[in-house]
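Input: a single structure, listed below in structure tokens.
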Amino acid sequence: MTMIRDVFREKGNDVWTIDAEASVSAALHLMAEKNIGAVLVVGSSNAIEGIFSERDFARKMVSERRLPDSVPVREFMTTKVFYVRPEQTIEECMGIMTKRRFRHLPVMEEGRLKGVISIGDVVKALLSDKDSLIGQLEQYISGRA
């Protein structure tokens with residue numbers, strides 16, 4: 001069973017943040033540059049205030065009809081941020097993401113940000129777990145185990 005910490009060993013745990021007063025346009029540029037789907041939004045004390053994702057932008061832009069250069073990311077971000085811990089399983093992450101309809105979850109350990117896990121990371125790990133289980137079952141059935 002894959003744990004979140006196992007995913008970080010493979011993918012790394014880089015975290016990209018943006019100031020809450022930065023423009024939505026700046027956040028989008030950062031996300032494009034880093035090829036990521038979300039950034040954590042931090043305030044003046046460097047504490048996490050929210051998360052800003054492509055989905056936040058798409059939904060707000062339709063209703064707001066304002067240029068992203070003139071809008072602080074604080075106005076578009078999701079403020080209720082859910083976290084997971086490195087020792088939680090990928091299955092637990094999938095359950096949270098499915099129930100809450102999230103695509104990104106920050107990972108915290110002892111009050112410190114350790115990384116962000118995406119739905120793509122979760123799906124990749126789940127597929128790897130299933131492939132491993134299938135391989136073990138094939139070995140067992142064929143008598144090679």
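Labels for the structure tokens follow display order: chains A, B, ..., residues from 1 in each chain, ligands from 1.
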
Could you pull out the strand (DSSP E or B) residues of chain A, going by DSSP on the backbone, and write them as a VMD selection string?
chain A and resid 3 17 to 19 23 38 to 42 48 to 53 72 78 84 89 104 to 109 112 to 118

Distance of atom CA of A:Leu126 from atom CA of A:Ile90, expressed in Å to one decimal place
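Atom-to-atom, atom CA of A:Ile90 to atom CA of A:Leu126, that is 6.9 Å.
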
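For the choices A:Leu105, A:Cys93, A:Ile51, A:Leu113, the atom-to-atom distance to A:Glu75 is smallest for A:Ile51 when using only C-alpha atoms.
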
Out of stretch 25-125 of chain A, which residues get alpha helix (DSSP H) from DSSP, as a tab-separated table (two decimals) with N, CA and C atoms, in the first residue's frame?
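The result, stored in result03.tsv:
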```
chain	number	residue	atom	x	y	z
A	25	SER	N	-2.95	37.02	-12.65
A	25	SER	CA	-2.09	36.84	-13.82
A	25	SER	C	-0.71	36.31	-13.40
A	26	ALA	N	-0.15	36.85	-12.33
A	26	ALA	CA	1.15	36.38	-11.83
A	26	ALA	C	1.07	34.93	-11.40
A	27	ALA	N	-0.02	34.56	-10.76
A	27	ALA	CA	-0.20	33.17	-10.33
A	27	ALA	C	-0.30	32.24	-11.55
A	28	LEU	N	-1.03	32.67	-12.56
A	28	LEU	CA	-1.16	31.86	-13.78
A	28	LEU	C	0.18	31.70	-14.49
A	29	HIS	N	0.97	32.77	-14.53
A	29	HIS	CA	2.29	32.70	-15.14
A	29	HIS	C	3.19	31.72	-14.38
A	30	LEU	N	3.15	31.77	-13.04
A	30	LEU	CA	3.95	30.85	-12.23
A	30	LEU	C	3.53	29.40	-12.50
A	31	MET	N	2.22	29.17	-12.55
A	31	MET	CA	1.72	27.83	-12.79
A	31	MET	C	2.13	27.32	-14.18
A	32	ALA	N	2.09	28.19	-15.16
A	32	ALA	CA	2.50	27.80	-16.52
A	32	ALA	C	3.99	27.52	-16.56
A	33	GLU	N	4.78	28.36	-15.91
A	33	GLU	CA	6.24	28.20	-15.89
A	33	GLU	C	6.65	26.88	-15.23
A	34	LYS	N	5.98	26.54	-14.15
A	34	LYS	CA	6.33	25.34	-13.38
A	34	LYS	C	5.55	24.10	-13.82
A	54	GLU	N	-6.25	26.07	-11.33
A	54	GLU	CA	-6.81	26.36	-12.66
A	54	GLU	C	-8.33	26.38	-12.60
A	55	ARG	N	-8.88	25.51	-11.80
A	55	ARG	CA	-10.34	25.42	-11.66
A	55	ARG	C	-10.89	26.70	-11.02
A	56	ASP	N	-10.19	27.21	-9.98
A	56	ASP	CA	-10.61	28.47	-9.37
A	56	ASP	C	-10.66	29.58	-10.41
A	57	PHE	N	-9.61	29.64	-11.22
A	57	PHE	CA	-9.54	30.69	-12.24
A	57	PHE	C	-10.68	30.54	-13.24
A	58	ALA	N	-10.87	29.35	-13.76
A	58	ALA	CA	-11.90	29.14	-14.79
A	58	ALA	C	-13.28	29.50	-14.27
A	59	ARG	N	-13.60	29.10	-13.07
A	59	ARG	CA	-14.94	29.35	-12.53
A	59	ARG	C	-15.16	30.82	-12.17
A	60	LYS	N	-14.15	31.44	-11.57
A	60	LYS	CA	-14.31	32.84	-11.17
A	60	LYS	C	-14.26	33.78	-12.36
A	61	MET	N	-13.43	33.46	-13.34
A	61	MET	CA	-13.28	34.35	-14.48
A	61	MET	C	-14.60	34.50	-15.23
A	62	VAL	N	-15.35	33.43	-15.32
A	62	VAL	CA	-16.64	33.47	-16.01
A	62	VAL	C	-17.60	34.42	-15.30
A	63	SER	N	-17.63	34.38	-13.97
A	63	SER	CA	-18.56	35.22	-13.22
A	63	SER	C	-18.05	36.63	-12.97
A	64	GLU	N	-16.74	36.78	-12.79
A	64	GLU	CA	-16.16	38.08	-12.43
A	64	GLU	C	-16.01	39.02	-13.63
A	90	ILE	N	-2.51	6.41	-0.12
A	90	ILE	CA	-3.01	6.97	-1.37
A	90	ILE	C	-4.53	6.77	-1.46
A	91	GLU	N	-5.01	5.65	-0.96
A	91	GLU	CA	-6.46	5.39	-0.97
A	91	GLU	C	-7.20	6.45	-0.15
A	92	GLU	N	-6.62	6.84	1.00
A	92	GLU	CA	-7.24	7.89	1.81
A	92	GLU	C	-7.28	9.20	1.03
A	93	CYS	N	-6.18	9.52	0.35
A	93	CYS	CA	-6.14	10.74	-0.47
A	93	CYS	C	-7.22	10.71	-1.54
A	94	MET	N	-7.32	9.58	-2.22
A	94	MET	CA	-8.33	9.45	-3.28
A	94	MET	C	-9.72	9.66	-2.71
A	95	GLY	N	-9.98	9.12	-1.52
A	95	GLY	CA	-11.28	9.30	-0.89
A	95	GLY	C	-11.58	10.77	-0.60
A	96	ILE	N	-10.60	11.48	-0.06
A	96	ILE	CA	-10.77	12.92	0.23
A	96	ILE	C	-10.98	13.70	-1.06
A	97	MET	N	-10.14	13.42	-2.05
A	97	MET	CA	-10.22	14.15	-3.31
A	97	MET	C	-11.55	13.90	-4.02
A	98	THR	N	-12.01	12.66	-3.97
A	98	THR	CA	-13.27	12.32	-4.63
A	98	THR	C	-14.46	12.95	-3.90
A	99	LYS	N	-14.48	12.81	-2.59
A	99	LYS	CA	-15.59	13.34	-1.80
A	99	LYS	C	-15.68	14.87	-1.88
A	100	ARG	N	-14.53	15.53	-1.78
A	100	ARG	CA	-14.51	16.99	-1.73
A	100	ARG	C	-14.33	17.64	-3.11
A	119	ILE	N	-4.06	14.91	-8.05
A	119	ILE	CA	-4.86	13.76	-8.44
A	119	ILE	C	-4.06	12.87	-9.39
A	120	GLY	N	-3.22	13.47	-10.23
A	120	GLY	CA	-2.37	12.69	-11.13
A	120	GLY	C	-1.40	11.81	-10.36
A	121	ASP	N	-0.82	12.36	-9.29
A	121	ASP	CA	0.09	11.58	-8.44
A	121	ASP	C	-0.65	10.39	-7.82
A	122	VAL	N	-1.86	10.64	-7.36
A	122	VAL	CA	-2.65	9.61	-6.70
A	122	VAL	C	-3.01	8.50	-7.68
A	123	VAL	N	-3.49	8.88	-8.86
A	123	VAL	CA	-3.87	7.88	-9.86
A	123	VAL	C	-2.65	7.05	-10.28
A	124	LYS	N	-1.52	7.70	-10.50
A	124	LYS	CA	-0.30	6.99	-10.88
A	124	LYS	C	0.09	5.96	-9.81
A	125	ALA	N	0.04	6.37	-8.54
A	125	ALA	CA	0.39	5.46	-7.45
A	125	ALA	C	-0.61	4.31	-7.33
```

Measure the distance from atom CA of A:Lys114 to atom CA of A:Val24 in Å and round it to one decimal.
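Straight-line distance from atom CA of A:Lys114 to atom CA of A:Val24 works out to 24.4 Å.
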
Please report the interatomic distance between atom CA of A:Val107 and atom CA of A:Ile18 in Å with one decimal.
17.0 Å

Nearest residue to A:Gly37 from the set A:Val116, A:Val73, A:Ile141, A:Leu127 (distances using only C-alpha atoms)
A:Val116

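Each of A:Ser128, A:Gln139, A:Thr89, A:Thr78 was checked against A:Arg5 using only C-alpha atoms; the smallest atom-to-atom distance is that of A:Thr89.
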
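If only C-alpha atoms are the atoms counted, then among A:Arg101, A:Arg144, A:Lys80, A:Arg112 the closest residue to A:Val15 is A:Arg112.
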
Who sits within 7 Å of A:Gly43, only C-alpha atoms, same chain under 6 positions skipped, as JSON, numbers by chain:
{"A": [19, 20, 49]}
